[in-house]
Amino acid sequence: MSAQARFPAASRLLHWLMAPMIVAMLFIGVGMAATVSKRYELLVSIHRPLGIAIFVLCVIRIVNRLINPPPELPDMLPSLQRFAAKASHIVLYALMFIMPLVGWGMLSAARYPIVLYGPLRLPPILPHDLTLYAWLRDLHTDLAYLFFATFLVHFGAALFHGLIRRDGVFASMTSWR
Amino acid sequence: MKPFRFGAGLVDNAGVLVGLGAIGAVMLSMAGAFAYTGGWLSPVRLTQDRMMAAFRDANGTHAGFRRNHAKGVCVTGWFESSGQAAALSKAAVFRPGRVPVVGRFALAGGMPFQTDEPATVRSMALRFLQSGGEEWRTGMNNIPVFPVNSARGFYEQLLASSPDPATGKPDPARMKAFLAAHPETVRALQLIKERQVTSGFANSTFNSLNAFRFIDESGASVPVRWSAVPVQPFAADSAVPSAAEDENYLFDDLIVQIAQHPQQWRLIVTIGQADDPTNDATLPWPADRRQIDAGTITIDQASSENGGRCTAINYDPLVLPAGIEPSDDPLLSARSAAYARSFTLRAEEEHEKPPSAVTPQEVQAEGKS
């Protein structure tokens, strides 16, 4: 087995900090859109600040990626899998960046106060417009499904590298030595 | 077994199959958990969509309108705080001074073109815009208590009052069965029936029904309910069918009254005691509870929903400033969730919405009469 370089420590830290946040966010989002129970209030109050936290971390992560580039994929990886790996990462980064902005934008267009915690809230970033809200609200749902699907593929591919290919790609992100 | 070379690693066929099976199982479990959370695997869970479907069954589809309290007019004005509630709540709206208000008067029910009837529940929704961007939104009704105390109760009541597809009328047997299962609704409906119905919106008292909590500067909290109590003198509903030819008579009267003189309500906050029910909107609080006159709501402008400022507002009861918090009443989450879905649906249908029952022309004509 060829020695596969690990991700830089900062990259691993950001990945493992954000991974549970994003997965939790997707579950909270789909759950709060499907309940009228007491949980709704709690889920909404977590969803908004968590989304903004993910956005902030995503910006840091993009800067980190420019400073600390990820290791090259193994030479032996077939070109199709290489392409899938690159494309899915572009989609994941794009969604991490865009989803919170769409959420912030749609709340702005509906003129819901964007409450982070207590009196702490964000200003609106778009005009008060029902049609714009409807469009962004639907987009938010569609992108969420795309995000979950892409996450699932990413997760499956990581396990495929770890369990089947055993080419060091899985360990390049998971090893803590 | 012949070794099988897959990528860089050397794994035998059985190992590959076990590995792929494990990966598939993990991915399938994740997808299943996601589907479960989204309600797709729980046909009886009460979701926003199922609540909206019940409104559709009860009222039909009215594209672009609120699913409940569909018939209404927009109003604007201001709230002049007396400062008396500031000791109980740190919300800026209660400090002495004035904040602008965008409101809406409406009739309960999902039919945007229903004929005004005295007994139909009337509502007043208000959005207080504090300086600094914080907001307080509240929807109040002219009934003393709410007929149900849970989202499930609301849903079942809606289903029981929906027209039977065979007859086009609600099935009395279903309503009877619903009431038999909900004694709290029977008690509440009795109180609602006994209320004194006034001649119009302007002299109606509107109640928050749900309990909230006021939080003061030190963080101490008290349970509260609030009401908008009219300054306009009481007049019983005359029940004279002079208004019969005007199917918008309640709204038209209000528009005329606002044009003649700003209409005012006192914002009365009732302070609950430790054992007063905060999680059950069907139960009234004892009549001797302390009340505070928090200030005066003045409404000086009415406008049609077409182009009116209230139209693009969701009067979500969980939009609260710091200093007001939700109580443990489950209806608050239920209302917030259902209103959000109703708001999204009507936003999606905005382009196909017909003019509201009370048109800009009507507001202008009545305002001059």
# chains A, B, ... in the order shown; residues from 1 in each chain; ligands from 1
$ closest_atom_pairs --of "chain A" --to "chain B" --cutoff "7 Å" --atoms "only C-alpha atoms" --output "Markdown table"
| residue | atom | partner | partner_atom | distance |
| --- | --- | --- | --- | --- |
| A:Met1 | CA | B:Ala8 | CA | 6.4 |
| A:Phe27 | CA | B:Phe34 | CA | 6.3 |
| A:Val30 | CA | B:Gly38 | CA | 5.0 |
| A:Gly31 | CA | B:Thr37 | CA | 5.0 |
| A:Ala33 | CA | B:Gln48 | CA | 7.0 |
| A:Ala34 | CA | B:Thr47 | CA | 4.6 |
| A:Thr35 | CA | B:Thr47 | CA | 4.4 |
| A:Val36 | CA | B:Ala334 | CA | 4.4 |
| A:Ser37 | CA | B:Ala334 | CA | 5.9 |
| A:Lys38 | CA | B:Ser333 | CA | 5.4 |
| A:Tyr40 | CA | B:Ser333 | CA | 5.8 |
| A:Glu41 | CA | B:Ser333 | CA | 5.5 |
| A:Met76 | CA | B:Ala8 | CA | 6.8 |
| A:Gly118 | CA | B:Ala322 | CA | 5.6 |
| A:Pro119 | CA | B:Ala322 | CA | 5.4 |
| A:Leu130 | CA | B:Ala347 | CA | 5.1 |
| A:Thr131 | CA | B:Ala347 | CA | 5.8 |
| A:Ala134 | CA | B:Glu348 | CA | 5.0 |
| A:Leu152 | CA | B:Met27 | CA | 6.5 |
| A:Gly156 | CA | B:Ile23 | CA | 6.2 |
| A:Leu159 | CA | B:Ile23 | CA | 6.4 |
| A:Leu163 | CA | B:Gly19 | CA | 5.9 |
| A:Ile164 | CA | B:Val16 | CA | 6.0 |
| A:Arg165 | CA | B:Gly9 | CA | 5.4 |
| A:Arg166 | CA | B:Gly9 | CA | 5.4 |
| A:Asp167 | CA | B:Ala8 | CA | 5.7 |
$ write_last_selection --atoms "N, CA and C atoms" --output "mmCIF file, in the first residue's frame"
data_model
loop_
_atom_site.group_PDB
_atom_site.id
_atom_site.type_symbol
_atom_site.label_atom_id
_atom_site.label_comp_id
_atom_site.auth_asym_id
_atom_site.auth_seq_id
_atom_site.Cartn_x
_atom_site.Cartn_y
_atom_site.Cartn_z
ATOM 1 N N MET A 1 0.853 -1.199 0.000
ATOM 2 C CA MET A 1 0.000 0.000 0.000
ATOM 3 C C MET A 1 0.881 1.238 0.000
ATOM 4 N N PHE A 27 -31.005 16.973 9.757
ATOM 5 C CA PHE A 27 -32.067 16.260 10.469
ATOM 6 C C PHE A 27 -33.018 17.239 11.168
ATOM 7 N N VAL A 30 -35.306 18.851 8.366
ATOM 8 C CA VAL A 30 -36.372 18.005 7.832
ATOM 9 C C VAL A 30 -37.378 17.676 8.933
ATOM 10 N N GLY A 31 -36.895 17.631 10.175
ATOM 11 C CA GLY A 31 -37.794 17.325 11.290
ATOM 12 C C GLY A 31 -38.698 18.492 11.636
ATOM 13 N N ALA A 33 -39.770 20.751 9.717
ATOM 14 C CA ALA A 33 -40.748 20.998 8.655
ATOM 15 C C ALA A 33 -41.858 19.953 8.664
ATOM 16 N N ALA A 34 -41.765 19.006 9.587
ATOM 17 C CA ALA A 34 -42.739 17.906 9.599
ATOM 18 C C ALA A 34 -43.303 17.680 10.984
ATOM 19 N N THR A 35 -43.462 18.743 11.752
ATOM 20 C CA THR A 35 -44.070 18.578 13.071
ATOM 21 C C THR A 35 -44.820 19.848 13.474
ATOM 22 N N VAL A 36 -45.875 19.663 14.263
ATOM 23 C CA VAL A 36 -46.541 20.809 14.897
ATOM 24 C C VAL A 36 -46.454 20.656 16.411
ATOM 25 N N SER A 37 -45.547 19.789 16.854
ATOM 26 C CA SER A 37 -45.433 19.512 18.285
ATOM 27 C C SER A 37 -44.579 20.579 18.972
ATOM 28 N N LYS A 38 -44.407 20.424 20.279
ATOM 29 C CA LYS A 38 -43.591 21.353 21.068
ATOM 30 C C LYS A 38 -42.152 21.412 20.569
ATOM 31 N N TYR A 40 -41.123 21.787 17.696
ATOM 32 C CA TYR A 40 -40.943 22.748 16.602
ATOM 33 C C TYR A 40 -40.186 23.991 17.065
ATOM 34 N N GLU A 41 -40.662 24.548 18.177
ATOM 35 C CA GLU A 41 -40.051 25.780 18.696
ATOM 36 C C GLU A 41 -38.562 25.567 19.000
ATOM 37 N N MET A 76 -3.565 5.488 -8.119
ATOM 38 C CA MET A 76 -4.230 4.301 -8.643
ATOM 39 C C MET A 76 -5.735 4.478 -8.780
ATOM 40 N N GLY A 118 -31.568 35.268 22.193
ATOM 41 C CA GLY A 118 -32.055 36.414 22.960
ATOM 42 C C GLY A 118 -32.260 37.609 22.053
ATOM 43 N N PRO A 119 -31.716 38.770 22.418
ATOM 44 C CA PRO A 119 -31.914 39.962 21.582
ATOM 45 C C PRO A 119 -30.969 40.003 20.376
ATOM 46 N N LEU A 130 -42.993 38.468 -1.035
ATOM 47 C CA LEU A 130 -43.581 37.134 -0.890
ATOM 48 C C LEU A 130 -43.117 36.159 -1.970
ATOM 49 N N THR A 131 -43.064 36.641 -3.213
ATOM 50 C CA THR A 131 -42.696 35.762 -4.323
ATOM 51 C C THR A 131 -41.242 35.316 -4.186
ATOM 52 N N ALA A 134 -41.113 32.725 -1.488
ATOM 53 C CA ALA A 134 -41.605 31.407 -1.912
ATOM 54 C C ALA A 134 -40.516 30.671 -2.708
ATOM 55 N N LEU A 152 -24.625 11.570 1.893
ATOM 56 C CA LEU A 152 -24.727 10.113 1.944
ATOM 57 C C LEU A 152 -23.700 9.473 0.992
ATOM 58 N N GLY A 156 -20.681 7.155 2.096
ATOM 59 C CA GLY A 156 -20.527 5.831 1.501
ATOM 60 C C GLY A 156 -19.174 5.679 0.822
ATOM 61 N N LEU A 159 -16.415 5.201 3.358
ATOM 62 C CA LEU A 159 -16.390 3.819 3.854
ATOM 63 C C LEU A 159 -15.844 2.871 2.785
ATOM 64 N N LEU A 163 -12.996 0.475 3.748
ATOM 65 C CA LEU A 163 -13.257 -0.955 3.910
ATOM 66 C C LEU A 163 -12.895 -1.779 2.687
ATOM 67 N N ILE A 164 -13.051 -1.216 1.514
ATOM 68 C CA ILE A 164 -12.874 -1.995 0.286
ATOM 69 C C ILE A 164 -11.532 -1.679 -0.379
ATOM 70 N N ARG A 165 -11.328 -0.422 -0.702
ATOM 71 C CA ARG A 165 -10.098 -0.067 -1.412
ATOM 72 C C ARG A 165 -8.890 -0.068 -0.483
ATOM 73 N N ARG A 166 -9.104 0.340 0.746
ATOM 74 C CA ARG A 166 -8.021 0.394 1.747
ATOM 75 C C ARG A 166 -6.787 1.093 1.192
ATOM 76 N N ASP A 167 -7.040 2.257 0.600
ATOM 77 C CA ASP A 167 -5.968 2.976 -0.098
ATOM 78 C C ASP A 167 -5.443 4.169 0.694
#
$ residues_around --residues "His89 in chain A" --least-positions-apart "2" --cutoff "12 Å" --atoms "only C-alpha atoms" --output "ChimeraX atom specification"
/A:62,65,70,82-87,91-96,147,150-151,153-155,157
$ write_last_selection --atoms "N, CA and C atoms" --output "compact mmCIF listing (two decimals), in the first residue's frame"
# COMPACT_ATOMS: atom_id res chain seq x y z
N ILE A 62 -12.86 27.45 3.84
CA ILE A 62 -12.41 27.75 2.47
C ILE A 62 -11.04 28.43 2.52
N ARG A 65 -8.47 25.90 3.32
CA ARG A 65 -8.18 25.01 2.19
C ARG A 65 -7.17 25.65 1.23
N PRO A 70 -5.51 20.11 0.41
CA PRO A 70 -5.67 18.70 0.79
C PRO A 70 -4.64 17.83 0.08
N ARG A 82 -12.10 9.46 -9.37
CA ARG A 82 -11.38 10.71 -9.12
C ARG A 82 -12.30 11.91 -9.44
N PHE A 83 -12.99 11.80 -10.57
CA PHE A 83 -13.91 12.88 -10.96
C PHE A 83 -15.05 13.00 -9.94
N ALA A 84 -15.61 11.83 -9.53
CA ALA A 84 -16.72 11.85 -8.56
C ALA A 84 -16.28 12.49 -7.25
N ALA A 85 -15.04 12.18 -6.85
CA ALA A 85 -14.54 12.74 -5.59
C ALA A 85 -14.44 14.26 -5.68
N LYS A 86 -13.85 14.74 -6.79
CA LYS A 86 -13.69 16.20 -6.96
C LYS A 86 -15.07 16.88 -7.02
N ALA A 87 -15.95 16.32 -7.85
CA ALA A 87 -17.27 16.95 -8.07
C ALA A 87 -18.07 16.98 -6.78
N VAL A 91 -19.59 20.22 -4.71
CA VAL A 91 -21.01 20.34 -4.35
C VAL A 91 -21.15 20.55 -2.84
N LEU A 92 -20.39 19.79 -2.05
CA LEU A 92 -20.49 19.92 -0.59
C LEU A 92 -20.07 21.31 -0.13
N TYR A 93 -18.98 21.81 -0.67
CA TYR A 93 -18.54 23.15 -0.29
C TYR A 93 -19.56 24.20 -0.71
N ALA A 94 -20.07 24.05 -1.93
CA ALA A 94 -21.05 25.03 -2.42
C ALA A 94 -22.29 25.04 -1.52
N LEU A 95 -22.75 23.85 -1.14
CA LEU A 95 -23.96 23.78 -0.31
C LEU A 95 -23.72 24.33 1.09
N MET A 96 -22.55 24.01 1.66
CA MET A 96 -22.22 24.55 2.99
C MET A 96 -22.27 26.07 2.99
N PHE A 147 -28.23 18.15 -0.48
CA PHE A 147 -27.16 18.13 0.52
C PHE A 147 -27.13 16.77 1.21
N THR A 150 -25.86 14.14 -1.17
CA THR A 150 -24.41 14.27 -1.40
C THR A 150 -23.64 13.82 -0.17
N PHE A 151 -24.15 14.17 1.00
CA PHE A 151 -23.53 13.70 2.24
C PHE A 151 -23.51 12.17 2.27
N VAL A 153 -23.57 10.04 -0.20
CA VAL A 153 -22.60 9.54 -1.17
C VAL A 153 -21.18 9.70 -0.62
N HIS A 154 -20.93 10.86 -0.04
CA HIS A 154 -19.62 11.16 0.55
C HIS A 154 -19.29 10.15 1.65
N PHE A 155 -20.28 9.90 2.50
CA PHE A 155 -20.12 8.98 3.61
C PHE A 155 -19.87 7.55 3.09
N ALA A 157 -18.75 6.73 0.13
CA ALA A 157 -17.46 6.68 -0.58
C ALA A 157 -16.31 6.58 0.42
$ residues_around --residues "range 74-85 of chain B" --least-positions-apart "2" --cutoff "7 Å" --atoms "only C-alpha atoms" --output "PyMOL selection string"
chain B and resi 72+87-89+93-105+292-305+308-310
$ atom_distance --atom1 "CA of Phe251 in chain B" --atom2 "CA of Leu158 in chain B"
25.3 Å
$ residues_around --residues "Pro100 in chain A" --least-positions-apart "2" --cutoff "8 Å" --atoms "only C-alpha atoms" --output "list in words"
Gly51, Ile52, Ile54, Phe55, Met96, Phe97, Ile98, Val102, Gly103 and Trp104 of chain A
$ atom_distance --atom1 "CA of Ser172 in chain A" --atom2 "CA of Val56 in chain A"
24.6 Å
$ atom_distance --atom1 "CA of Gln260 in chain B" --atom2 "CA of Ser208 in chain B"
27.7 Å
$ decode --residues "range 67-79 of chain A" --atoms "N, CA and C atoms" --output "PDB file, in the first residue's frame"
ATOM      1  N   ILE A  67      -4.914  27.834   2.215  1.00  0.00           N
ATOM      2  CA  ILE A  67      -3.621  27.852   2.915  1.00  0.00           C
ATOM      3  C   ILE A  67      -3.051  26.442   3.024  1.00  0.00           C
ATOM      4  N   ASN A  68      -3.929  25.507   3.409  1.00  0.00           N
ATOM      5  CA  ASN A  68      -3.521  24.113   3.618  1.00  0.00           C
ATOM      6  C   ASN A  68      -4.209  23.205   2.605  1.00  0.00           C
ATOM      7  N   PRO A  69      -3.651  23.063   1.402  1.00  0.00           N
ATOM      8  CA  PRO A  69      -4.345  22.255   0.392  1.00  0.00           C
ATOM      9  C   PRO A  69      -4.446  20.796   0.846  1.00  0.00           C
ATOM     10  N   PRO A  70      -5.514  20.106   0.411  1.00  0.00           N
ATOM     11  CA  PRO A  70      -5.673  18.697   0.793  1.00  0.00           C
ATOM     12  C   PRO A  70      -4.641  17.832   0.082  1.00  0.00           C
ATOM     13  N   PRO A  71      -4.358  16.636   0.607  1.00  0.00           N
ATOM     14  CA  PRO A  71      -3.411  15.736  -0.064  1.00  0.00           C
ATOM     15  C   PRO A  71      -3.984  15.265  -1.396  1.00  0.00           C
ATOM     16  N   GLU A  72      -3.087  14.913  -2.304  1.00  0.00           N
ATOM     17  CA  GLU A  72      -3.519  14.370  -3.597  1.00  0.00           C
ATOM     18  C   GLU A  72      -4.201  13.028  -3.389  1.00  0.00           C
ATOM     19  N   LEU A  73      -5.148  12.695  -4.254  1.00  0.00           N
ATOM     20  CA  LEU A  73      -5.762  11.366  -4.220  1.00  0.00           C
ATOM     21  C   LEU A  73      -4.732  10.359  -4.733  1.00  0.00           C
ATOM     22  N   PRO A  74      -4.850   9.077  -4.342  1.00  0.00           N
ATOM     23  CA  PRO A  74      -3.869   8.080  -4.805  1.00  0.00           C
ATOM     24  C   PRO A  74      -3.862   7.984  -6.332  1.00  0.00           C
ATOM     25  N   ASP A  75      -2.678   7.765  -6.894  1.00  0.00           N
ATOM     26  CA  ASP A  75      -2.527   7.668  -8.355  1.00  0.00           C
ATOM     27  C   ASP A  75      -3.366   6.547  -8.939  1.00  0.00           C
ATOM     28  N   MET A  76      -3.565   5.488  -8.119  1.00  0.00           N
ATOM     29  CA  MET A  76      -4.230   4.301  -8.643  1.00  0.00           C
ATOM     30  C   MET A  76      -5.735   4.478  -8.780  1.00  0.00           C
ATOM     31  N   LEU A  77      -6.275   5.596  -8.248  1.00  0.00           N
ATOM     32  CA  LEU A  77      -7.734   5.782  -8.257  1.00  0.00           C
ATOM     33  C   LEU A  77      -8.212   5.948  -9.702  1.00  0.00           C
ATOM     34  N   PRO A  78      -9.198   5.121 -10.113  1.00  0.00           N
ATOM     35  CA  PRO A  78      -9.715   5.245 -11.483  1.00  0.00           C
ATOM     36  C   PRO A  78     -10.243   6.652 -11.734  1.00  0.00           C
ATOM     37  N   SER A  79     -10.168   7.092 -12.995  1.00  0.00           N
ATOM     38  CA  SER A  79     -10.481   8.489 -13.288  1.00  0.00           C
ATOM     39  C   SER A  79     -11.931   8.834 -12.972  1.00  0.00           C
TER      40      SER A  79
END
